[in-house]
Amino acid sequence: MVEIFDAIKKSAIRIKWLIENEDASYSQNINATGDTQLKLDIKSDLIIEEEFKKISSVKEIISEEKENKTPIYENGKYLVGYDPLDGSSLLDVNFSVGSIFGIYKNAYDGKHMIAAVYVIYGPVTQMVTAYEDVGMYKLNEDGDFAFIKSLELKDSGLINASGGTHTGWSKKHHNLIEEIYERGARLRYSGGMVPDLHQILLKGGGLFSYPSTSDTPKGKLRMVFEVFPFAFIFEKAGGEAIDGKRRLLDLIPMHPHDTTPCYFGSKKEIELVLKHNE
Ligand code: AHM
Ligand code: MG
């Protein structure tokens, strides 16, 4: 696992450089989910592939930016599903973006998830790893990621971040969000799941949701690259992660690019989600 985390750190340093120095415009390419890729999505993906190709414990990788899996070492133990540059459409407005990694054994689902990592490229670059516990690290000037602290969610929090077009929300989702605001929550939604979920983790609690909507009935966020890694991190930090009713880590994707509605939060907020979805 140490060598996988090291490959992620090396990729992060190279991606941070790209973000700061390279052209953030769109390419002519469309990815597996139908999004037009930025040149930086493609370059970040290649960097991560290059770094994982040096790691003999990696059997195979699959990226949000590619349709198919890439075999690495036949005798490797781990499968890695990743989103190289999540939230990249926010680069033009200079918001924080991130890289997300799920490390699996044998199959790309929650039962086979061993560890999860994300990197946030903000005013500073930080990395959060969930393995035995959840730890946050900061990239220093000398190129090292120094341990800052362990992350733990409180039982409840007053941050609310819900995605999806409001006119496409179900009545149940409207009612849930209304009750959350009535309890005193504040809206905190940048449109990048890495900074939005990072904020909930760092401030101790709240709720992030990307529900089923009339235009995206199965949600927008992809299980293997985005949802399972964050579900794993939230559970390890003492929170919960569900699709409205079921634990996200119990879902089995039919295809690596499958999406699901998702709710990540502290325990009290997830209780409320369950109440509104009864
Ligand atoms: P991306 O992988 O194409 O960048 O899309 C994922 C992003 C998430 O970071 C974020 O939570 C979501 O899309 C925001 O979607 P919306 O703009 O519909 O709220
Ligand atoms: Mg993404």
# chains A, B, ... in the order shown; residues from 1 in each chain; ligands from 1
>>> residues_around(residues="segment 119-127 of chain A", least_positions_apart="2", cutoff="6 Å", atoms="only C-alpha atoms", output="MDAnalysis selection string")
chainID A and resid 96:99 136:139
>>> write_last_selection(atoms="N, CA, C and O atoms", output="PDB file, in the first residue's frame")
ATOM      1  N   SER A  96     -11.122  25.058  -6.229  1.00  0.00           N
ATOM      2  CA  SER A  96     -10.349  23.851  -5.928  1.00  0.00           C
ATOM      3  C   SER A  96     -10.872  22.660  -6.719  1.00  0.00           C
ATOM      4  O   SER A  96     -12.080  22.524  -6.928  1.00  0.00           O
ATOM      5  N   VAL A  97      -9.957  21.806  -7.137  1.00  0.00           N
ATOM      6  CA  VAL A  97     -10.298  20.557  -7.835  1.00  0.00           C
ATOM      7  C   VAL A  97      -9.559  19.423  -7.119  1.00  0.00           C
ATOM      8  O   VAL A  97      -8.803  19.668  -6.175  1.00  0.00           O
ATOM      9  N   GLY A  98      -9.777  18.188  -7.571  1.00  0.00           N
ATOM     10  CA  GLY A  98      -9.135  17.084  -6.855  1.00  0.00           C
ATOM     11  C   GLY A  98      -8.904  15.856  -7.706  1.00  0.00           C
ATOM     12  O   GLY A  98      -9.411  15.754  -8.832  1.00  0.00           O
ATOM     13  N   SER A  99      -8.133  14.921  -7.169  1.00  0.00           N
ATOM     14  CA  SER A  99      -7.969  13.588  -7.758  1.00  0.00           C
ATOM     15  C   SER A  99      -8.505  12.595  -6.738  1.00  0.00           C
ATOM     16  O   SER A  99      -8.263  12.766  -5.536  1.00  0.00           O
ATOM     17  N   MET A 136      -4.885  13.277   7.223  1.00  0.00           N
ATOM     18  CA  MET A 136      -4.701  14.365   6.259  1.00  0.00           C
ATOM     19  C   MET A 136      -3.233  14.799   6.222  1.00  0.00           C
ATOM     20  O   MET A 136      -2.600  14.928   7.276  1.00  0.00           O
ATOM     21  N   TYR A 137      -2.719  15.039   5.037  1.00  0.00           N
ATOM     22  CA  TYR A 137      -1.317  15.413   4.823  1.00  0.00           C
ATOM     23  C   TYR A 137      -1.269  16.676   3.984  1.00  0.00           C
ATOM     24  O   TYR A 137      -2.156  16.930   3.181  1.00  0.00           O
ATOM     25  N   LYS A 138      -0.187  17.423   4.132  1.00  0.00           N
ATOM     26  CA  LYS A 138      -0.044  18.666   3.360  1.00  0.00           C
ATOM     27  C   LYS A 138       1.270  18.628   2.591  1.00  0.00           C
ATOM     28  O   LYS A 138       2.310  18.236   3.146  1.00  0.00           O
ATOM     29  N   LEU A 139       1.203  19.041   1.331  1.00  0.00           N
ATOM     30  CA  LEU A 139       2.419  19.081   0.497  1.00  0.00           C
ATOM     31  C   LEU A 139       3.278  20.273   0.896  1.00  0.00           C
ATOM     32  O   LEU A 139       2.833  21.423   0.849  1.00  0.00           O
TER      33      LEU A 139
END
>>> residues_around(residues="Gly163 of chain A", least_positions_apart="3", cutoff="8 Å", atoms="only C-alpha atoms", output="ChimeraX atom specification")
/A:189,191,209-211
>>> residues_around(residues="segment 32-49 of chain A", least_positions_apart="4", cutoff="8 Å", atoms="only C-alpha atoms", output="list in words")
Ala7, Ile8, Ser11, Arg14, Ile15, Leu18, Ile19, Glu22, Asp23, Ala24, Ser25, Tyr26, Ser27, Gln28, Lys53, Ile61, Ser63, Glu64, Glu65, Lys66, Glu67, Asp83, Pro84, Leu85, Ser88, Ser89 and His257 of chain A
>>> atom_distance(atom1="atom CA of Glu60 of chain A", atom2="atom CA of Arg222 of chain A")
18.3 Å
>>> select_by_dssp(residues="segment 25-267 of chain A", states="helix (DSSP H, G or I)", output="ChimeraX atom specification")
/A:39-52,88-93,110-112,166-168,171-182,193-203,223-236,248-250,267
>>> closest_residue(among="A:Cys262, A:Leu248, A:Leu274, A:Ile159", to="ligand 1", atoms="only C-alpha atoms and all ligand atoms")
A:Cys262
>>> residues_around(residues="Lys54 of chain A", least_positions_apart="2", cutoff="10 Å", atoms="only C-alpha atoms", output="PyMOL selection string")
chain A and resi 3-4+7+49-52+56-58+72-73
>>> atom_distance(atom1="atom CA of Lys77 of chain A", atom2="atom CA of Val2 of chain A")
13.2 Å
>>> select_by_dssp(residues="segment 7-215 of chain A", states="strand (DSSP E)", output="JSON, numbers by chain")
{"A": [26, 27, 28, 29, 30, 36, 37, 38, 58, 59, 60, 61, 62, 63, 70, 71, 78, 79, 80, 81, 82, 83, 84, 85, 86, 97, 98, 99, 100, 101, 102, 103, 104, 105, 113, 114, 115, 116, 117, 118, 119, 120, 121, 125, 126, 127, 128, 129, 130, 134, 135, 136, 137, 138, 139, 145, 146, 147, 148, 149, 150, 159, 160, 161, 162, 186, 187, 207, 208, 209, 210]}
>>> residues_around(residues="His198 of chain A", least_positions_apart="4", cutoff="9 Å", atoms="only C-alpha atoms", output="ChimeraX atom specification")
/A:120,128,193-194,202-203
>>> closest_residue(among="A:Thr129, A:Thr259, A:Ser266, A:Asn68", to="ligand 2", atoms="only C-alpha atoms and all ligand atoms")
A:Thr259
>>> residues_around(residues="Thr213 of chain A", least_positions_apart="2", cutoff="8 Å", atoms="only C-alpha atoms", output="list of chain:residue names")
A:Gly164, A:Thr165, A:Gly168, A:Trp169, A:Ser170, A:Pro211, A:Asp215, A:Thr216, A:Pro217, A:Lys218, A:Gly219
>>> write_last_selection(atoms="all heavy atoms", output="mmCIF file, in the first residue's frame")
data_model
loop_
_atom_site.group_PDB
_atom_site.id
_atom_site.type_symbol
_atom_site.label_atom_id
_atom_site.label_comp_id
_atom_site.auth_asym_id
_atom_site.auth_seq_id
_atom_site.Cartn_x
_atom_site.Cartn_y
_atom_site.Cartn_z
ATOM 1 N N GLY A 164 -27.377 18.676 -8.285
ATOM 2 C CA GLY A 164 -28.525 18.346 -9.135
ATOM 3 C C GLY A 164 -29.401 19.565 -9.351
ATOM 4 O O GLY A 164 -29.486 20.447 -8.496
ATOM 5 N N THR A 165 -30.051 19.603 -10.501
ATOM 6 C CA THR A 165 -30.930 20.734 -10.837
ATOM 7 C C THR A 165 -32.143 20.739 -9.906
ATOM 8 O O THR A 165 -32.847 19.728 -9.813
ATOM 9 C CB THR A 165 -31.428 20.576 -12.297
ATOM 10 O OG1 THR A 165 -30.343 20.097 -13.085
ATOM 11 C CG2 THR A 165 -31.958 21.860 -12.862
ATOM 12 N N GLY A 168 -35.400 19.463 -10.915
ATOM 13 C CA GLY A 168 -35.451 18.013 -11.144
ATOM 14 C C GLY A 168 -35.471 17.206 -9.851
ATOM 15 O O GLY A 168 -35.557 15.981 -9.873
ATOM 16 N N TRP A 169 -35.380 17.901 -8.702
ATOM 17 C CA TRP A 169 -35.406 17.193 -7.409
ATOM 18 C C TRP A 169 -36.792 16.593 -7.159
ATOM 19 O O TRP A 169 -37.812 17.177 -7.565
ATOM 20 C CB TRP A 169 -35.133 18.160 -6.247
ATOM 21 C CG TRP A 169 -33.720 18.612 -6.092
ATOM 22 C CD1 TRP A 169 -32.643 18.282 -6.864
ATOM 23 C CD2 TRP A 169 -33.230 19.507 -5.071
ATOM 24 N NE1 TRP A 169 -31.512 18.913 -6.391
ATOM 25 C CE2 TRP A 169 -31.847 19.669 -5.292
ATOM 26 C CE3 TRP A 169 -33.825 20.189 -4.013
ATOM 27 C CZ2 TRP A 169 -31.049 20.477 -4.485
ATOM 28 C CZ3 TRP A 169 -33.039 20.993 -3.200
ATOM 29 C CH2 TRP A 169 -31.661 21.134 -3.435
ATOM 30 N N SER A 170 -36.820 15.477 -6.443
ATOM 31 C CA SER A 170 -38.102 14.889 -6.046
ATOM 32 C C SER A 170 -38.666 15.702 -4.873
ATOM 33 O O SER A 170 -37.941 16.466 -4.228
ATOM 34 C CB SER A 170 -37.894 13.440 -5.601
ATOM 35 O OG SER A 170 -37.111 13.434 -4.427
ATOM 36 N N PRO A 211 -28.639 13.664 -5.485
ATOM 37 C CA PRO A 211 -29.771 12.736 -5.508
ATOM 38 C C PRO A 211 -30.126 12.277 -6.918
ATOM 39 O O PRO A 211 -29.551 12.743 -7.903
ATOM 40 C CB PRO A 211 -30.897 13.608 -4.949
ATOM 41 C CG PRO A 211 -30.572 14.978 -5.426
ATOM 42 C CD PRO A 211 -29.073 15.072 -5.413
ATOM 43 N N ASP A 215 -33.703 14.637 -14.490
ATOM 44 C CA ASP A 215 -32.779 14.564 -15.635
ATOM 45 C C ASP A 215 -31.657 13.542 -15.431
ATOM 46 O O ASP A 215 -31.077 13.068 -16.408
ATOM 47 C CB ASP A 215 -32.228 15.959 -16.016
ATOM 48 C CG ASP A 215 -31.715 16.748 -14.819
ATOM 49 O OD1 ASP A 215 -32.060 16.394 -13.677
ATOM 50 O OD2 ASP A 215 -30.968 17.717 -15.029
ATOM 51 N N THR A 216 -31.320 13.213 -14.185
ATOM 52 C CA THR A 216 -30.313 12.170 -13.915
ATOM 53 C C THR A 216 -30.895 11.197 -12.875
ATOM 54 O O THR A 216 -30.531 11.261 -11.703
ATOM 55 C CB THR A 216 -28.984 12.769 -13.397
ATOM 56 O OG1 THR A 216 -29.274 13.566 -12.231
ATOM 57 C CG2 THR A 216 -28.248 13.608 -14.398
ATOM 58 N N PRO A 217 -31.802 10.291 -13.313
ATOM 59 C CA PRO A 217 -32.480 9.402 -12.349
ATOM 60 C C PRO A 217 -31.502 8.542 -11.547
ATOM 61 O O PRO A 217 -31.778 8.198 -10.408
ATOM 62 C CB PRO A 217 -33.376 8.527 -13.222
ATOM 63 C CG PRO A 217 -33.390 9.138 -14.575
ATOM 64 C CD PRO A 217 -32.246 10.087 -14.701
ATOM 65 N N LYS A 218 -30.365 8.208 -12.137
ATOM 66 C CA LYS A 218 -29.380 7.406 -11.399
ATOM 67 C C LYS A 218 -28.268 8.273 -10.829
ATOM 68 O O LYS A 218 -27.143 7.799 -10.619
ATOM 69 C CB LYS A 218 -28.798 6.331 -12.322
ATOM 70 C CG LYS A 218 -29.827 5.276 -12.677
ATOM 71 C CD LYS A 218 -29.214 4.097 -13.351
ATOM 72 C CE LYS A 218 -30.253 2.996 -13.497
ATOM 73 N NZ LYS A 218 -29.838 1.986 -14.448
ATOM 74 N N GLY A 219 -28.548 9.545 -10.603
ATOM 75 C CA GLY A 219 -27.535 10.441 -10.074
ATOM 76 C C GLY A 219 -26.503 10.777 -11.131
ATOM 77 O O GLY A 219 -26.636 10.395 -12.297
#
>>> atom_distance(atom1="atom CA of Leu79 of chain A", atom2="atom CA of Leu91 of chain A")
28.6 Å
